[in-house]
Every structure is written in structure tokens, then in C-alpha cells.
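Below is one structure, written out as C-alpha cells; comments come after it.
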Amino acid sequence: PTVSLANHGWYDTNEKHREHVRLGVAAAVCDPDGRILLTRRAARMRSFPHAWVVPGGGLDDGEGLVDCVVREVREETGVVIDSCSVEPICLWESCYPTSGDDCISAGTGITAHYLVVYCLAKTEEKDLSKLQNQVVLDEQETDLALWLSPSEFARTLDHPLGGTDIGSLVVSGASASDASGEVALKDLCGIYPRGAEMKGIAQGSIFMLEELLQSTSKGGSTACSTFQ
């Protein structure tokens, strides 16, 4: 959206809205079987409400990247990871709203602008029920969480428009008690925000997961060894 805003002359007349890029991190917490922890951002969030993402956030003053990864995962999900397991995967520029037209129609410009360092972080627990029990969400930021396997992620890529019933996943979180405790896998299909209900996984998280798949297929070390 930055290019689109510049082309529309946004910065010529809206100096006070000139955005400042912050540094952030996001973590693909991976178990020994290759499942990745995804969270759904709460509806109250000012940026990316209802988006499925990997946990993460901005660096505090003086904080290192690895320390930020450990802190954000713990604060948002309750999961404790070993700092020695943290490895960088890729970089992603994240903007919200996600298009220049949306920035202009809202009259806000870009309200959140980050350079995100996506990292891999590993947990040694492989029992799915124990993994689910480890999750204690910060309900101010996230309302659901799930562990997504490589094959389930591949199914979301095969059905980018959703619609088709491709199974369901057990979720953790406050909203899970209001329904069946499951979420339809089709709700994760496509790039957020898909449709009026804003379904899908955030594009940066999709890019990172695809990088994991690609790295593994090439025999790279910066990936969960079973994420294939």
C-alpha cells in the first residue's frame, strides 16, 4: 500500500499520518511432528482482526530478537520455548490496511507498518493433547489457537477460496467453549482478509510457512525436519 498511497498523493496532504516502520518478530513454534502453532487475532484488534497468524509482536526498547520471540510466544500463548532453538527464516514487510485503496477509504493511511523477522522455534513435546493443554491465550490479543500439520496446511493451499469441506481442527481458546471446540479447516484457506467474514491466514504467515516447506524440500536446515 505504500506505493499506492504515494501514487495517489497521500503523503502530500497527510503529513501527520506518515508512518514509521517498526521492527517485529513472529515465531513458527514447531513440534517434532512438524505441527505449527497458529493463533487467531481477536476481533477487537486494530490491525488484522480475525486473521490466523503465528504469534509475534514488536520489540521493546533494548530488547534482542530472540528474547522478543520467547517473550511474545509466552505472553500470547503461554507456551515456553527454548531460546537456543530460535532460528531466522525470512523477512516480511507487513502493512495494515493491506491495500492502498483500503487505507484511503478509511482515511487513516497505514495504521500498522512492521518489518517482521520470521523465526523458527521448537518444542520437544509431540503429544497433541499435551500441546493443546499448554496453550493459555492472552484473550486481549488472541481468541483461538490450533496446531496445524504440514498436510493440513497443504490442503489450505489447494483450496484458496474455501467453500469445500476439507476437515476440521481442535482449537484452544475462549471461543472454543462457545461451539464445538473445533474450527473448519476451510476457514484458514486463502489469504486474509478473504470474504466479508475476513477468513484466511495472514499473507506473511503463509509466505513463511511456504519458505519452511521449500527449505525442507531442498534439504535446508532452517526448518522443522518433518515439515514436508
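Just remember, in the C-alpha cells the first chain shown is A, the second B, etc., residues are 1-based per chain, and ligands are 1-based in the order shown.
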Select from segment 104-187 of chain A every residue with an atom at most 12 Å from any atom of segment 204-212 of chain A, then for each give the shortest pair of atoms and their distance in Å to one decimal, using only C-alpha atoms, rows by chain and rising number, as JSON lines.
```
{"residue": "A:Tyr114", "atom": "CA", "partner": "A:Gly204", "partner_atom": "CA", "distance": 11.1}
{"residue": "A:Leu115", "atom": "CA", "partner": "A:Gly204", "partner_atom": "CA", "distance": 10.6}
{"residue": "A:Val116", "atom": "CA", "partner": "A:Gly204", "partner_atom": "CA", "distance": 8.6}
{"residue": "A:Val117", "atom": "CA", "partner": "A:Met208", "partner_atom": "CA", "distance": 9.8}
{"residue": "A:Tyr118", "atom": "CA", "partner": "A:Met208", "partner_atom": "CA", "distance": 6.8}
{"residue": "A:Cys119", "atom": "CA", "partner": "A:Met208", "partner_atom": "CA", "distance": 8.7}
{"residue": "A:Leu120", "atom": "CA", "partner": "A:Leu212", "partner_atom": "CA", "distance": 8.9}
{"residue": "A:Leu148", "atom": "CA", "partner": "A:Leu209", "partner_atom": "CA", "distance": 10.7}
{"residue": "A:Ser149", "atom": "CA", "partner": "A:Leu209", "partner_atom": "CA", "distance": 10.9}
{"residue": "A:Pro150", "atom": "CA", "partner": "A:Leu209", "partner_atom": "CA", "distance": 9.1}
{"residue": "A:Ser151", "atom": "CA", "partner": "A:Leu209", "partner_atom": "CA", "distance": 12.0}
{"residue": "A:Glu152", "atom": "CA", "partner": "A:Leu209", "partner_atom": "CA", "distance": 11.9}
{"residue": "A:Phe153", "atom": "CA", "partner": "A:Leu209", "partner_atom": "CA", "distance": 8.4}
{"residue": "A:Ala154", "atom": "CA", "partner": "A:Glu210", "partner_atom": "CA", "distance": 9.4}
{"residue": "A:Thr156", "atom": "CA", "partner": "A:Ile206", "partner_atom": "CA", "distance": 10.0}
{"residue": "A:Leu157", "atom": "CA", "partner": "A:Ile206", "partner_atom": "CA", "distance": 9.0}
{"residue": "A:Pro160", "atom": "CA", "partner": "A:Ile206", "partner_atom": "CA", "distance": 11.4}
```
Please write the residues from the selection above to a file, keeping N, CA and C atoms, as a PDB file, in the first residue's frame.
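Output file part-v2.pdb is given in full below:
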```pdb
ATOM      1  N   TYR A 114       5.268  -2.829   9.878  1.00  0.00           N
ATOM      2  CA  TYR A 114       6.364  -3.556  10.527  1.00  0.00           C
ATOM      3  C   TYR A 114       7.268  -4.222   9.496  1.00  0.00           C
ATOM      4  N   LEU A 115       8.552  -4.299   9.811  1.00  0.00           N
ATOM      5  CA  LEU A 115       9.450  -5.234   9.167  1.00  0.00           C
ATOM      6  C   LEU A 115       9.559  -6.419  10.120  1.00  0.00           C
ATOM      7  N   VAL A 116       9.031  -7.565   9.690  1.00  0.00           N
ATOM      8  CA  VAL A 116       8.905  -8.721  10.572  1.00  0.00           C
ATOM      9  C   VAL A 116      10.000  -9.743  10.271  1.00  0.00           C
ATOM     10  N   VAL A 117      10.703 -10.153  11.309  1.00  0.00           N
ATOM     11  CA  VAL A 117      11.664 -11.250  11.201  1.00  0.00           C
ATOM     12  C   VAL A 117      10.935 -12.531  11.618  1.00  0.00           C
ATOM     13  N   TYR A 118      10.645 -13.391  10.653  1.00  0.00           N
ATOM     14  CA  TYR A 118      10.003 -14.668  10.966  1.00  0.00           C
ATOM     15  C   TYR A 118      11.070 -15.654  11.403  1.00  0.00           C
ATOM     16  N   CYS A 119      10.786 -16.347  12.494  1.00  0.00           N
ATOM     17  CA  CYS A 119      11.741 -17.280  13.077  1.00  0.00           C
ATOM     18  C   CYS A 119      11.098 -18.636  13.309  1.00  0.00           C
ATOM     19  N   LEU A 120      11.933 -19.643  13.355  1.00  0.00           N
ATOM     20  CA  LEU A 120      11.530 -20.984  13.763  1.00  0.00           C
ATOM     21  C   LEU A 120      11.868 -21.150  15.233  1.00  0.00           C
ATOM     22  N   LEU A 148      -1.263 -26.831  13.501  1.00  0.00           N
ATOM     23  CA  LEU A 148      -1.514 -27.134  12.095  1.00  0.00           C
ATOM     24  C   LEU A 148      -0.412 -28.030  11.548  1.00  0.00           C
ATOM     25  N   SER A 149      -0.809 -29.195  11.021  1.00  0.00           N
ATOM     26  CA  SER A 149       0.173 -30.129  10.466  1.00  0.00           C
ATOM     27  C   SER A 149       0.550 -29.724   9.040  1.00  0.00           C
ATOM     28  N   PRO A 150       1.683 -30.222   8.536  1.00  0.00           N
ATOM     29  CA  PRO A 150       2.074 -29.921   7.152  1.00  0.00           C
ATOM     30  C   PRO A 150       1.014 -30.320   6.133  1.00  0.00           C
ATOM     31  N   SER A 151       0.379 -31.489   6.315  1.00  0.00           N
ATOM     32  CA  SER A 151      -0.628 -31.935   5.347  1.00  0.00           C
ATOM     33  C   SER A 151      -1.862 -31.050   5.400  1.00  0.00           C
ATOM     34  N   GLU A 152      -2.221 -30.562   6.590  1.00  0.00           N
ATOM     35  CA  GLU A 152      -3.376 -29.673   6.715  1.00  0.00           C
ATOM     36  C   GLU A 152      -3.086 -28.323   6.070  1.00  0.00           C
ATOM     37  N   PHE A 153      -1.875 -27.821   6.247  1.00  0.00           N
ATOM     38  CA  PHE A 153      -1.505 -26.572   5.582  1.00  0.00           C
ATOM     39  C   PHE A 153      -1.547 -26.740   4.067  1.00  0.00           C
ATOM     40  N   ALA A 154      -1.059 -27.873   3.575  1.00  0.00           N
ATOM     41  CA  ALA A 154      -1.092 -28.134   2.130  1.00  0.00           C
ATOM     42  C   ALA A 154      -2.524 -28.126   1.607  1.00  0.00           C
ATOM     43  N   THR A 156      -4.990 -26.319   2.752  1.00  0.00           N
ATOM     44  CA  THR A 156      -5.460 -24.940   2.642  1.00  0.00           C
ATOM     45  C   THR A 156      -4.922 -24.291   1.369  1.00  0.00           C
ATOM     46  N   LEU A 157      -3.718 -24.660   0.963  1.00  0.00           N
ATOM     47  CA  LEU A 157      -3.154 -24.112  -0.270  1.00  0.00           C
ATOM     48  C   LEU A 157      -3.894 -24.634  -1.491  1.00  0.00           C
ATOM     49  N   PRO A 160      -7.783 -22.317  -2.062  1.00  0.00           N
ATOM     50  CA  PRO A 160      -7.610 -20.921  -1.654  1.00  0.00           C
ATOM     51  C   PRO A 160      -8.910 -20.143  -1.490  1.00  0.00           C
TER      52      PRO A 160
END
```
- Task: as a ChimeraX atom specification, please: all residues of segment 10-148 of chain A that backbone DSSP puts in strand (DSSP E).
- Result: /A:22-30,36-41,52-53,56-58,87-96,112-122,142-148
- Query: How far is it from atom CA of Leu38 of chain A to atom CA of Cys84 of chain A, in Å with one decimal?
  - Reply: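 Separation of atom CA of Leu38 of chain A and atom CA of Cys84 of chain A: 21.1 Å.
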Give me, as a short mmCIF file (atom, residue, chain, number, x, y, z; two decimals) with C-alpha atoms, in the first residue's frame, all polymer residues having an atom no more than 12 Å from Thr164 of chain A, counting only C-alpha atoms and skipping those fewer than 4 positions away in the same chain.
```cif
data_model
loop_
_atom_site.label_atom_id
_atom_site.label_comp_id
_atom_site.auth_asym_id
_atom_site.auth_seq_id
_atom_site.Cartn_x
_atom_site.Cartn_y
_atom_site.Cartn_z
CA ARG A 155 -4.87 -28.64 1.98
CA THR A 156 -5.46 -24.94 2.64
CA ASP A 158 -5.12 -26.46 -2.52
CA HIS A 159 -8.41 -24.67 -1.70
CA PRO A 160 -7.61 -20.92 -1.65
CA SER A 168 -11.73 -29.55 10.99
CA ALA A 184 -13.35 -25.76 9.99
CA LEU A 185 -10.07 -26.04 8.10
CA LYS A 186 -11.67 -24.13 5.21
CA ASP A 187 -11.73 -21.04 7.48
CA LEU A 188 -7.93 -20.99 7.16
CA CYS A 189 -7.98 -21.23 3.37
#
```
- Item | segment 130-141 of chain A environment, 10 Å, only C-alpha atoms, sequence neighbours closer than 2 positions dropped, as a ChimeraX atom specification | /A:31,37,39-45,49,55,73-80,123-128,143-147,170-175
- Message: List as a PyMOL selection string the protein and nucleic acid residues near Thr108 of chain A, meaning an atom at most 10 Å away when only C-alpha atoms are counted, but skip any in the same chain fewer than 2 places from it.
- Response: chain A and resi 14+17-18+97+102-106+110-111
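Atom CA of Gly57 of chain A is found 15.4 Å from atom CA of His20 of chain A.
Closest to Thr98 of chain A among A:Val183, A:Ile191, A:Leu213, A:Val29 is A:Ile191, based on only C-alpha atoms.
If you look at atom CA of Lys122 of chain A and atom CA of Gly64 of chain A, they are 18.4 Å away from each other.
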- Query: Pick from A:Gly9, A:Pro88, A:Gly56, A:Gly190: nearest to Cys68 of chain A, with only C-alpha atoms counted?
  - Reply: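 When distances to Cys68 of chain A are compared using only C-alpha atoms, the smallest one comes from A:Gly56.
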- Query: Of the residues A:Asp12, A:Glu197, A:Glu87, A:Asp82, which is the one nearest to Val25 of chain A, using only C-alpha atoms?
  - Reply: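 That would be A:Glu87, the residue with the smallest distance to Val25 of chain A.
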- Message: According to DSSP computed on the backbone, where in segment 22-185 of chain A is there alpha helix (DSSP H)? Give the residues as a PyMOL selection string.
- Response: chain A and resi 65-77+100-106+128-134+150-158
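You can rank A:Ile166, A:Ala202, A:Ala26, A:Ala112 by their closest distance to Arg71 of chain A using only C-alpha atoms, and at the top of that list sits A:Ala26.
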